[in-house]
$ cat start.tsv   # TSV, C-alpha atoms
chain	number	residue	atom	x	y	z
T	640	MET	CA	30.00	15.93	30.83
T	641	ILE	CA	29.79	17.48	27.39
T	642	GLU	CA	27.29	20.19	26.61
T	643	CYS	CA	24.54	18.72	24.42
T	644	LEU	CA	25.00	20.91	21.35
T	645	ASP	CA	28.80	20.70	21.61
T	646	ALA	CA	28.62	16.90	21.51
T	647	LEU	CA	26.24	16.86	18.55
T	648	GLY	CA	28.22	19.63	16.85
T	649	ALA	CA	31.33	17.46	16.95
T	650	LEU	CA	29.38	14.69	15.24
T	651	SER	CA	27.89	17.05	12.69
T	652	LYS	CA	31.35	18.20	11.59
T	653	GLN	CA	32.19	14.59	10.66
T	654	ARG	CA	28.80	13.73	9.23
T	655	ALA	CA	29.30	14.18	5.45
T	656	ASP	CA	26.36	12.44	3.71
T	657	ARG	CA	25.44	9.99	6.43
T	658	ILE	CA	21.74	9.40	7.10
T	659	VAL	CA	20.85	10.42	10.66
T	660	VAL	CA	17.83	9.00	12.50
T	661	MET	CA	16.89	11.28	15.41
T	662	HIS	CA	14.91	10.06	18.40
T	663	MET	CA	13.36	11.73	21.43
T	664	THR	CA	15.42	14.71	22.72
T	665	THR	CA	17.84	14.64	19.81
T	666	ARG	CA	14.92	15.49	17.52
T	667	GLN	CA	15.08	18.96	19.06
T	668	ASP	CA	18.86	19.27	19.47
T	669	TRP	CA	20.30	17.76	16.29
T	670	PRO	CA	18.50	20.14	13.87
T	671	GLN	CA	20.33	23.02	15.58
T	672	VAL	CA	23.70	21.70	14.39
T	673	SER	CA	22.79	19.67	11.28
T	674	GLN	CA	23.88	20.93	7.88
T	675	ARG	CA	21.97	18.23	5.95
T	676	ALA	CA	18.34	18.44	7.06
T	677	GLU	CA	17.22	16.46	4.02
T	678	LEU	CA	19.06	13.42	5.39
T	679	ASP	CA	17.74	13.81	8.95
T	680	ILE	CA	14.91	11.42	9.83
T	681	PRO	CA	12.87	12.24	12.94
T	682	TRP	CA	11.63	9.03	14.50
T	683	ILE	CA	8.50	9.54	16.56
T	684	GLY	CA	6.40	6.38	16.26
T	685	ALA	CA	7.28	3.32	18.36
T	686	MET	CA	9.16	4.63	21.38
T	687	GLY	CA	12.64	3.22	21.74
T	688	LYS	CA	12.67	1.67	18.29
T	689	ALA	CA	14.73	4.23	16.35
T	690	SER	CA	17.69	1.85	16.47
T	691	SER	CA	15.51	-0.91	15.03
T	692	PHE	CA	14.50	1.33	12.12
T	693	ALA	CA	18.15	2.26	11.60
T	694	LEU	CA	19.10	-1.41	11.53
T	695	GLY	CA	16.60	-2.11	8.76
T	696	LEU	CA	17.91	0.84	6.80
T	697	ALA	CA	21.51	-0.23	7.27
T	698	LEU	CA	20.72	-3.78	6.14
T	699	ALA	CA	18.83	-2.64	3.05
T	700	ARG	CA	21.55	-0.19	2.03
T	701	PRO	CA	24.99	-1.36	3.09
T	702	ASP	CA	26.44	1.25	0.76
T	703	GLN	CA	25.00	4.05	2.95
T	704	LYS	CA	26.29	4.94	6.39
T	705	VAL	CA	23.53	5.25	8.96
T	706	TRP	CA	23.66	6.98	12.34
T	707	VAL	CA	20.96	6.69	14.95
T	708	LEU	CA	20.82	9.24	17.77
T	709	ASP	CA	19.23	7.28	20.58
T	710	GLY	CA	18.59	8.37	24.16
T	711	ASP	CA	19.44	6.42	27.29
T	712	GLY	CA	15.75	6.20	28.17
T	713	SER	CA	14.81	5.00	24.71
T	714	LEU	CA	17.64	2.48	24.61
T	715	LEU	CA	16.46	1.10	27.95
T	716	MET	CA	13.09	0.51	26.29
T	717	ASN	CA	14.73	-1.62	23.60
T	718	LEU	CA	17.79	-3.25	25.16
T	719	GLY	CA	17.09	-6.49	23.32
T	720	GLY	CA	17.57	-4.50	20.14
T	721	LEU	CA	21.30	-4.38	20.89
T	722	VAL	CA	21.43	-8.15	20.49
T	723	THR	CA	19.29	-8.00	17.35
T	724	ILE	CA	21.69	-5.45	15.86
T	725	ALA	CA	24.76	-7.37	16.96
T	726	ALA	CA	23.40	-10.53	15.35
T	727	GLN	CA	23.32	-8.75	11.99
T	728	GLN	CA	26.68	-6.94	12.41
T	729	PRO	CA	25.85	-4.01	10.12
T	730	LYS	CA	29.22	-2.45	9.32
T	731	ASN	CA	27.56	0.81	8.31
T	732	LEU	CA	25.72	1.53	11.57
T	733	LEU	CA	26.76	3.98	14.30
T	734	HIS	CA	24.55	3.86	17.38
T	735	VAL	CA	24.86	7.08	19.40
T	736	VAL	CA	23.39	7.28	22.90
T	737	TYR	CA	22.56	10.67	24.37
T	738	ASN	CA	23.21	9.69	27.98
T	739	ASN	CA	21.61	12.34	30.18
T	740	GLY	CA	20.15	10.02	32.80
T	741	ALA	CA	16.68	11.43	32.28
T	742	TYR	CA	13.57	11.46	30.18
T	743	ASP	CA	14.11	15.02	29.00
T	744	THR	CA	11.24	14.78	26.52
T	745	SER	CA	8.76	14.46	29.38
T	746	GLY	CA	10.44	17.02	31.64
T	747	GLY	CA	13.62	15.46	32.99
T	748	GLN	CA	12.42	12.65	35.25
T	749	PRO	CA	15.28	10.22	36.00
T	750	VAL	CA	15.56	6.94	34.10
T	751	PRO	CA	16.06	3.76	36.18
T	752	ARG	CA	19.62	3.80	37.62
T	753	SER	CA	20.10	7.26	36.20
T	754	GLY	CA	23.69	7.80	35.12
T	755	GLU	CA	24.80	4.44	36.53
T	756	VAL	CA	24.10	2.14	33.58
T	757	ASP	CA	27.20	0.97	31.69
T	758	PHE	CA	25.83	0.96	28.15
T	759	CYS	CA	29.25	0.17	26.68
T	760	ALA	CA	29.50	-3.01	28.74
T	761	ILE	CA	25.98	-4.02	27.71
T	762	ALA	CA	26.70	-3.35	24.03
T	763	ARG	CA	29.96	-5.28	24.11
T	764	GLY	CA	28.22	-8.13	25.89
T	765	ALA	CA	25.52	-8.09	23.23
T	766	GLY	CA	28.13	-8.37	20.51
T	767	TYR	CA	28.94	-4.86	19.34
T	768	PRO	CA	32.59	-4.94	18.30
T	769	HIS	CA	33.17	-1.35	19.42
T	770	ALA	CA	31.74	0.78	22.23
T	771	TYR	CA	32.99	4.13	23.51
T	772	SER	CA	31.91	6.61	26.16
T	773	PHE	CA	32.90	10.28	26.28
T	774	ASP	CA	32.76	12.88	29.06
T	775	GLY	CA	34.87	15.58	27.42
T	776	LEU	CA	34.55	17.42	24.13
T	777	ALA	CA	38.26	17.59	23.31
T	778	GLU	CA	38.68	13.83	23.66
T	779	LEU	CA	35.55	13.18	21.60
T	780	GLU	CA	36.78	15.45	18.80
T	781	ARG	CA	40.21	13.83	18.89
T	782	GLN	CA	38.99	10.25	18.68
T	783	LEU	CA	35.94	10.63	16.48
T	784	PRO	CA	37.63	10.36	13.06
T	785	ALA	CA	39.25	7.04	13.97
T	786	ILE	CA	36.02	5.71	15.48
T	787	LEU	CA	34.06	6.60	12.36
T	788	ALA	CA	36.64	4.93	10.15
T	789	GLN	CA	35.98	1.58	11.83
T	790	ASP	CA	33.41	-0.95	10.71
T	791	GLY	CA	30.34	-1.04	12.92
T	792	PRO	CA	28.13	-1.65	14.63
T	793	THR	CA	29.61	0.87	17.04
T	794	LEU	CA	28.05	2.28	20.18
T	795	LEU	CA	29.02	5.85	21.05
T	796	VAL	CA	27.82	7.09	24.43
T	797	LEU	CA	27.78	10.86	24.88
T	798	ASN	CA	27.51	11.83	28.54
T	799	VAL	CA	25.50	15.04	28.48
T	800	PRO	CA	23.50	16.94	31.11
T	801	SER	CA	19.76	16.70	31.49
T	802	MET	CA	18.25	19.95	30.19
T	803	GLY	CA	14.56	19.16	30.61
T	804	ALA	CA	11.94	19.41	27.90
T	805	ARG	CA	12.85	21.42	24.81
T	806	ARG	CA	10.58	23.53	22.69
T	807	PRO	CA	9.43	21.71	19.56
T	808	VAL	CA	11.58	22.43	16.52
T	809	PRO	CA	9.71	22.93	13.25
T	810	GLY	CA	10.55	20.48	10.53
T	811	ARG	CA	9.41	17.39	8.69
T	812	GLY	CA	7.37	14.76	10.44
T	813	THR	CA	8.30	11.08	10.40
T	814	THR	CA	5.90	10.15	7.61
T	815	GLN	CA	7.09	12.84	5.20
T	816	ALA	CA	10.74	12.15	6.03
T	817	PHE	CA	10.23	8.41	5.54
T	818	TRP	CA	8.84	8.68	2.03
T	819	GLU	CA	11.34	11.35	0.99
T	820	LEU	CA	14.17	9.15	2.23
T	821	GLN	CA	12.85	6.21	0.24
T	822	GLU	CA	12.77	8.39	-2.87
T	823	TYR	CA	16.25	9.77	-2.17
T	824	LEU	CA	17.67	6.26	-1.87
T	825	ALA	CA	15.78	4.99	-4.91
T	826	GLN	CA	17.47	7.71	-6.94
T	827	ARG	CA	20.85	6.42	-5.74
T	828	PRO	CA	20.80	2.68	-6.45
T	829	GLN	CA	23.50	0.50	-5.01
T	830	ALA	CA	26.44	-0.17	-7.28
R	735	MET	CA	-9.51	-30.24	10.28
R	736	ALA	CA	-8.17	-33.60	9.07
R	737	GLU	CA	-4.54	-33.57	7.98
R	738	THR	CA	-5.11	-35.00	4.53
R	739	ALA	CA	-2.87	-34.22	1.60
R	740	GLN	CA	-5.26	-31.46	0.57
R	741	HIS	CA	-5.39	-29.92	4.04
R	742	ILE	CA	-1.77	-29.53	4.98
R	743	LEU	CA	0.16	-26.28	5.05
R	744	HIS	CA	3.85	-26.79	4.31
R	745	ALA	CA	6.54	-24.31	5.32
R	746	THR	CA	8.01	-24.61	1.85
R	747	SER	CA	4.67	-23.57	0.34
R	748	LEU	CA	4.64	-20.42	2.45
R	749	LEU	CA	8.21	-19.66	1.48
R	750	THR	CA	7.57	-20.30	-2.21
R	751	GLU	CA	4.66	-17.86	-2.16
R	752	LEU	CA	6.79	-15.17	-0.51
R	753	LYS	CA	9.56	-15.66	-3.07
R	754	LYS	CA	7.07	-15.31	-5.93
R	755	ASN	CA	6.58	-11.76	-4.69
R	756	GLY	CA	10.26	-10.99	-4.50
R	757	VAL	CA	10.42	-10.92	-0.71
R	758	THR	CA	14.01	-10.22	0.35
R	759	HIS	CA	13.86	-10.35	4.16
R	760	ILE	CA	11.81	-12.17	6.78
R	761	VAL	CA	11.87	-10.34	10.11
R	762	TRP	CA	10.73	-12.82	12.68
R	763	LEU	CA	10.51	-14.41	16.05
R	764	PRO	CA	9.80	-18.16	15.97
R	765	ASP	CA	6.45	-19.58	17.04
R	766	THR	CA	4.77	-22.94	17.18
R	767	GLU	CA	2.46	-22.28	14.24
R	768	THR	CA	5.33	-21.73	11.81
R	769	SER	CA	8.03	-23.81	13.48
R	770	SER	CA	9.32	-25.41	10.29
R	771	MET	CA	9.86	-22.09	8.54
R	772	PHE	CA	13.32	-21.58	10.04
R	773	ARG	CA	14.67	-24.80	8.52
R	774	ALA	CA	12.96	-24.06	5.22
R	775	ILE	CA	14.39	-20.54	5.03
R	776	GLU	CA	17.86	-21.71	6.01
R	777	ALA	CA	17.75	-24.52	3.48
R	778	ASP	CA	16.56	-22.17	0.75
R	779	GLY	CA	19.14	-19.47	1.38
R	780	GLY	CA	17.40	-17.01	-0.93
R	781	VAL	CA	15.76	-14.85	1.71
R	782	HIS	CA	17.61	-12.95	4.45
R	783	LEU	CA	16.41	-13.89	7.92
R	784	VAL	CA	16.39	-11.14	10.57
R	785	PRO	CA	15.60	-12.67	13.96
R	786	VAL	CA	14.46	-10.25	16.66
R	787	CYS	CA	14.50	-10.49	20.45
R	788	ARG	CA	10.95	-9.13	20.84
R	789	GLU	CA	8.29	-8.71	18.21
R	790	GLY	CA	7.90	-4.94	18.62
R	791	GLU	CA	11.28	-4.54	16.93
R	792	SER	CA	10.08	-6.24	13.79
R	793	MET	CA	7.89	-3.46	12.35
R	794	PRO	CA	10.51	-0.68	12.70
R	795	ILE	CA	13.16	-2.97	11.21
R	796	ALA	CA	10.82	-3.75	8.32
R	797	ALA	CA	10.14	-0.04	7.89
R	798	GLY	CA	13.86	0.64	7.60
R	799	LEU	CA	14.20	-2.13	5.06
R	800	ILE	CA	11.32	-0.71	3.03
R	801	ALA	CA	12.80	2.79	3.16
R	802	GLY	CA	15.99	1.31	1.78
R	803	GLY	CA	14.19	-0.42	-1.09
R	804	ALA	CA	14.05	-3.97	0.26
R	805	LYS	CA	10.90	-6.13	0.36
R	806	PRO	CA	10.46	-7.57	3.85
R	807	VAL	CA	7.64	-9.39	5.57
R	808	VAL	CA	7.19	-9.90	9.30
R	809	LEU	CA	6.50	-13.37	10.71
R	810	ILE	CA	5.42	-13.54	14.36
R	811	GLN	CA	2.85	-15.19	16.60
R	812	SER	CA	-0.39	-13.56	17.73
R	813	THR	CA	1.04	-13.07	21.22
R	814	GLY	CA	3.91	-11.08	19.71
R	815	PHE	CA	1.44	-9.06	17.67
R	816	PHE	CA	-0.23	-8.02	20.91
R	817	GLU	CA	3.16	-7.06	22.35
R	818	SER	CA	3.88	-4.93	19.28
R	819	GLY	CA	1.01	-2.50	19.74
R	820	ASP	CA	3.01	0.72	19.79
R	821	SER	CA	5.07	-0.32	16.77
R	822	ILE	CA	1.96	-1.25	14.79
R	823	ARG	CA	0.28	2.02	15.71
R	824	GLY	CA	3.24	4.33	15.34
R	825	VAL	CA	4.97	2.71	12.37
R	826	CYS	CA	2.61	0.56	10.34
R	827	LEU	CA	-0.50	2.69	10.65
R	828	ASP	CA	0.81	6.24	11.19
R	829	ILE	CA	3.45	6.10	8.44
R	830	GLY	CA	1.34	3.78	6.32
R	831	ILE	CA	4.00	1.30	5.35
R	832	PRO	CA	3.12	-1.39	2.80
R	833	LEU	CA	3.95	-4.32	5.05
R	834	LEU	CA	2.59	-7.86	5.18
R	835	ILE	CA	2.59	-9.37	8.66
R	836	LEU	CA	2.21	-13.14	8.83
R	837	ILE	CA	0.79	-14.05	12.22
R	838	GLY	CA	0.78	-17.50	13.75
R	839	TYR	CA	-2.84	-17.88	14.84
R	840	ARG	CA	-2.33	-19.59	18.20
R	841	GLY	CA	-5.42	-21.43	19.40
R	842	TYR	CA	-7.28	-21.20	16.09
R	843	GLU	CA	-9.77	-24.06	15.76
R	844	GLY	CA	-10.96	-23.43	12.22
R	845	ALA	CA	-13.87	-21.36	10.93
R	846	GLY	CA	-16.68	-21.45	13.47
R	847	GLY	CA	-14.53	-23.38	15.93
R	848	ARG	CA	-14.59	-22.51	19.62
R	849	THR	CA	-11.40	-21.81	21.48
R	850	GLY	CA	-10.60	-20.99	25.06
R	851	ASP	CA	-7.27	-19.44	24.12
R	852	SER	CA	-7.50	-15.66	24.55
R	853	ALA	CA	-4.67	-15.30	22.01
R	854	ALA	CA	-7.16	-16.56	19.42
R	855	VAL	CA	-10.28	-14.93	20.89
R	856	PHE	CA	-8.86	-11.40	20.58
R	857	MET	CA	-6.86	-11.80	17.37
R	858	GLU	CA	-9.39	-10.97	14.68
R	859	PRO	CA	-11.26	-8.31	16.70
R	860	ILE	CA	-7.99	-6.43	17.22
R	861	LEU	CA	-7.11	-6.57	13.52
R	862	LYS	CA	-10.57	-5.24	12.72
R	863	THR	CA	-10.30	-2.49	15.33
R	864	TRP	CA	-7.02	-1.30	13.85
R	865	GLY	CA	-8.34	-1.51	10.32
R	866	ILE	CA	-5.77	-4.07	9.21
R	867	PRO	CA	-7.24	-6.25	6.44
R	868	TYR	CA	-6.42	-9.97	6.69
R	869	GLN	CA	-7.05	-13.45	5.39
R	870	ILE	CA	-6.55	-16.85	7.01
R	871	VAL	CA	-4.26	-19.47	5.50
R	872	GLN	CA	-4.82	-23.06	6.64
R	873	ASP	CA	-3.41	-25.26	3.89
R	874	ASP	CA	-1.35	-25.14	0.73
R	875	ALA	CA	-4.40	-24.37	-1.37
R	876	ASP	CA	-4.79	-21.08	0.55
R	877	CYS	CA	-1.27	-19.83	-0.16
R	878	SER	CA	-2.35	-17.62	-3.04
R	879	ARG	CA	-3.93	-15.42	-0.35
R	880	ILE	CA	-0.42	-14.48	0.72
R	881	SER	CA	0.27	-13.01	-2.69
R	882	GLU	CA	-3.10	-11.28	-2.72
R	883	GLU	CA	-2.44	-9.55	0.59
R	884	TYR	CA	1.18	-8.75	-0.23
R	885	GLN	CA	0.26	-7.09	-3.51
R	886	ALA	CA	-2.66	-5.28	-1.89
R	887	ALA	CA	-0.29	-3.91	0.78
R	888	LEU	CA	1.99	-2.51	-1.93
R	889	GLN	CA	-0.85	-1.01	-3.93
R	890	THR	CA	-2.69	0.56	-1.01
R	891	LYS	CA	0.38	1.52	1.06
R	892	HIS	CA	-1.29	-0.09	4.02
R	893	THR	CA	-0.22	-2.83	6.38
R	894	ARG	CA	-2.12	-6.10	5.94
R	895	ALA	CA	-2.01	-9.48	7.63
R	896	ILE	CA	-2.15	-13.20	7.02
R	897	LEU	CA	-3.24	-15.43	9.88
R	898	VAL	CA	-1.48	-18.79	9.67
R	899	GLY	CA	-3.59	-21.56	11.17
R	900	ARG	CA	-0.72	-24.01	11.51
R	901	GLU	CA	1.94	-25.42	9.26
R	902	TYR	CA	2.87	-29.05	9.19
R	903	GLY	CA	6.49	-29.67	8.34
R	904	GLU	CA	8.52	-29.07	5.26

$ encode --input "start.tsv" --output "structure tokens"
Amino acid sequence: MIECLDALGALSKQRADRIVVMHMTTRQDWPQVSQRAELDIPWIGAMGKASSFALGLALARPDQKVWVLDGDGSLLMNLGGLVTIAAQQPKNLLHVVYNNGAYDTSGGQPVPRSGEVDFCAIARGAGYPHAYSFDGLAELERQLPAILAQDGPTLLVLNVPSMGARRPVPGRGTTQAFWELQEYLAQRPQA
Amino acid sequence: MAETAQHILHATSLLTELKKNGVTHIVWLPDTETSSMFRAIEADGGVHLVPVCREGESMPIAAGLIAGGAKPVVLIQSTGFFESGDSIRGVCLDIGIPLLILIGYRGYEGAGGRTGDSAAVFMEPILKTWGIPYQIVQDDADCSRISEEYQAALQTKHTRAILVGREYGE
């Protein structure tokens, strides 16, 4: 397994100006490593649907790269969304899964088939052209640049430990972040 | 309601009204009330169709499209609207997105009509409970209501709905 902040830190180093949609536990962890808080969107409403929001964003702005930091529990709530995403084939979408086998947000209760679900196989079966799973930081750091250079949609499973509920991290709420993102993108029209 | 020339709702009329408003995407799951829309949208080619596996995906997808500057609508059946409760609450109402949801009104028997279909019985009370304004569209002459609700959604930054009684072909 990779320590949570180490895994997200490796992503953050490669992030540049990508828009990052955070969901569930990553809403607490990602802000600790992010260097671009203005492009971080906390997704609270509609459990499990952060990837759906990210899909809409990616379709509207193919010139912008979009990452969604999903959880295994939240992805299990929206497995059909993998097929919906695959049907659209957004080249600019990276779908990260924080695979800790638990609902850390609610205290660390195990998800169904905790740690035994092959999300890569499900994503490939749904139609994602690329899916990867990582247990070690060194391998993640080594392969990440090549993975990010590929067209998506790509699923990236990060096998991390369950750490239980985190303390809330101060920051923007979903509503404020939503409208500020819309304004940010409006100021940067597509070529 | 008799299906006379004046009392028919065509899929192409719905689509034309959406295009008048610059709609770019239709996020949808097919239903019996709007069954001809798919062929009409495909034939038109001017609006991007985003099919979903379950209706609760449609509001977050539409929200992402709106954040990115696109102009989507959602097209689902009443049963899917019921399934989408958490998305409607957490996305449409909490964020306050200017979204028009077109809802196939399964079991609707016309104004004052009686229906035994719970999908119809609970439809309007739920919209009222959630404070989502709506109008009913039953034939081509009603299609201007789509524009009214779409523009009102933009101006008020509030989700609104159109209940589609039934469409009859292209």

$ atom_distance --input "start.tsv" --atom1 "atom CA of Glu767 of chain R" --atom2 "atom CA of Ile835 of chain R"
14.1 Å

$ interface_residues --input "start.tsv" --of "chain R" --to "chain T" --cutoff "12 Å" --atoms "all atoms listed in the file" --output "number ranges by chain"
R: 758-763, 782-807, 817-832, 891

$ atom_distance --input "start.tsv" --atom1 "atom CA of Leu732 of chain T" --atom2 "atom CA of Cys759 of chain T"
15.6 Å

$ atom_distance --input "start.tsv" --atom1 "atom CA of Ile641 of chain T" --atom2 "atom CA of Gln674 of chain T"
20.7 Å

$ residues_around --input "start.tsv" --residues "segment 659-673 of chain T" --least-positions-apart "2" --cutoff "7 Å" --atoms "only C-alpha atoms" --output "list in words"
Leu644, Leu647, Gly648, Ser651, Arg657, Arg675, Ala676, Leu678, Asp679, Ile680, Pro681, Trp682, Ile683, Ala689, Ala693, Val705, Trp706, Val707, Leu708, Asp709, Gly710, Asp743, Thr744, Arg805, Pro807 and Val808 of chain T

$ axis_aligned_box --input "start.tsv" --around "segment 722-728 of chain T" --padding-each-side "5 Å" --output "lines of an AutoDock Vina configuration file"
center_x = 23.0
center_y = -8.0
center_z = 16.2
size_x = 17.4
size_y = 15.1
size_z = 18.5

$ residues_near_point --input "start.tsv" --point "(5.3, -24.1, -0.9)" --cutoff "12 Å" --atoms "all atoms listed in the file" --output "PDB file with C-alpha atoms, keeping the file's coordinate frame"
ATOM      1  CA  ILE R 742      -1.770 -29.530   4.980  1.00  0.00           C
ATOM      2  CA  LEU R 743       0.160 -26.280   5.050  1.00  0.00           C
ATOM      3  CA  HIS R 744       3.850 -26.790   4.310  1.00  0.00           C
ATOM      4  CA  ALA R 745       6.540 -24.310   5.320  1.00  0.00           C
ATOM      5  CA  THR R 746       8.010 -24.610   1.850  1.00  0.00           C
ATOM      6  CA  SER R 747       4.670 -23.570   0.340  1.00  0.00           C
ATOM      7  CA  LEU R 748       4.640 -20.420   2.450  1.00  0.00           C
ATOM      8  CA  LEU R 749       8.210 -19.660   1.480  1.00  0.00           C
ATOM      9  CA  THR R 750       7.570 -20.300  -2.210  1.00  0.00           C
ATOM     10  CA  GLU R 751       4.660 -17.860  -2.160  1.00  0.00           C
ATOM     11  CA  LEU R 752       6.790 -15.170  -0.510  1.00  0.00           C
ATOM     12  CA  LYS R 753       9.560 -15.660  -3.070  1.00  0.00           C
ATOM     13  CA  LYS R 754       7.070 -15.310  -5.930  1.00  0.00           C
ATOM     14  CA  SER R 770       9.320 -25.410  10.290  1.00  0.00           C
ATOM     15  CA  MET R 771       9.860 -22.090   8.540  1.00  0.00           C
ATOM     16  CA  ALA R 774      12.960 -24.060   5.220  1.00  0.00           C
ATOM     17  CA  ILE R 775      14.390 -20.540   5.030  1.00  0.00           C
ATOM     18  CA  ASP R 778      16.560 -22.170   0.750  1.00  0.00           C
ATOM     19  CA  ASP R 873      -3.410 -25.260   3.890  1.00  0.00           C
ATOM     20  CA  ASP R 874      -1.350 -25.140   0.730  1.00  0.00           C
ATOM     21  CA  ALA R 875      -4.400 -24.370  -1.370  1.00  0.00           C
ATOM     22  CA  ASP R 876      -4.790 -21.080   0.550  1.00  0.00           C
ATOM     23  CA  CYS R 877      -1.270 -19.830  -0.160  1.00  0.00           C
ATOM     24  CA  SER R 878      -2.350 -17.620  -3.040  1.00  0.00           C
ATOM     25  CA  ILE R 880      -0.420 -14.480   0.720  1.00  0.00           C
ATOM     26  CA  GLU R 901       1.940 -25.420   9.260  1.00  0.00           C
ATOM     27  CA  TYR R 902       2.870 -29.050   9.190  1.00  0.00           C
ATOM     28  CA  GLY R 903       6.490 -29.670   8.340  1.00  0.00           C
ATOM     29  CA  GLU R 904       8.520 -29.070   5.260  1.00  0.00           C
TER      30      GLU R 904
END

$ closest_residue --input "start.tsv" --among "T:Gln782, T:Asn798, T:Gln826, T:Gln728" --to "Glu755 of chain T" --atoms "all atoms listed in the file"
T:Asn798

$ residues_around --input "start.tsv" --residues "Ala853 of chain R" --least-positions-apart "6" --cutoff "9 Å" --atoms "only C-alpha atoms" --output "PyMOL selection string"
chain R and resi 812-813+816+839-842

$ closest_residue --input "start.tsv" --among "T:His734, T:Thr793, T:Gly746, T:Leu783" --to "Arg763 of chain T" --atoms "all atoms listed in the file"
T:Thr793
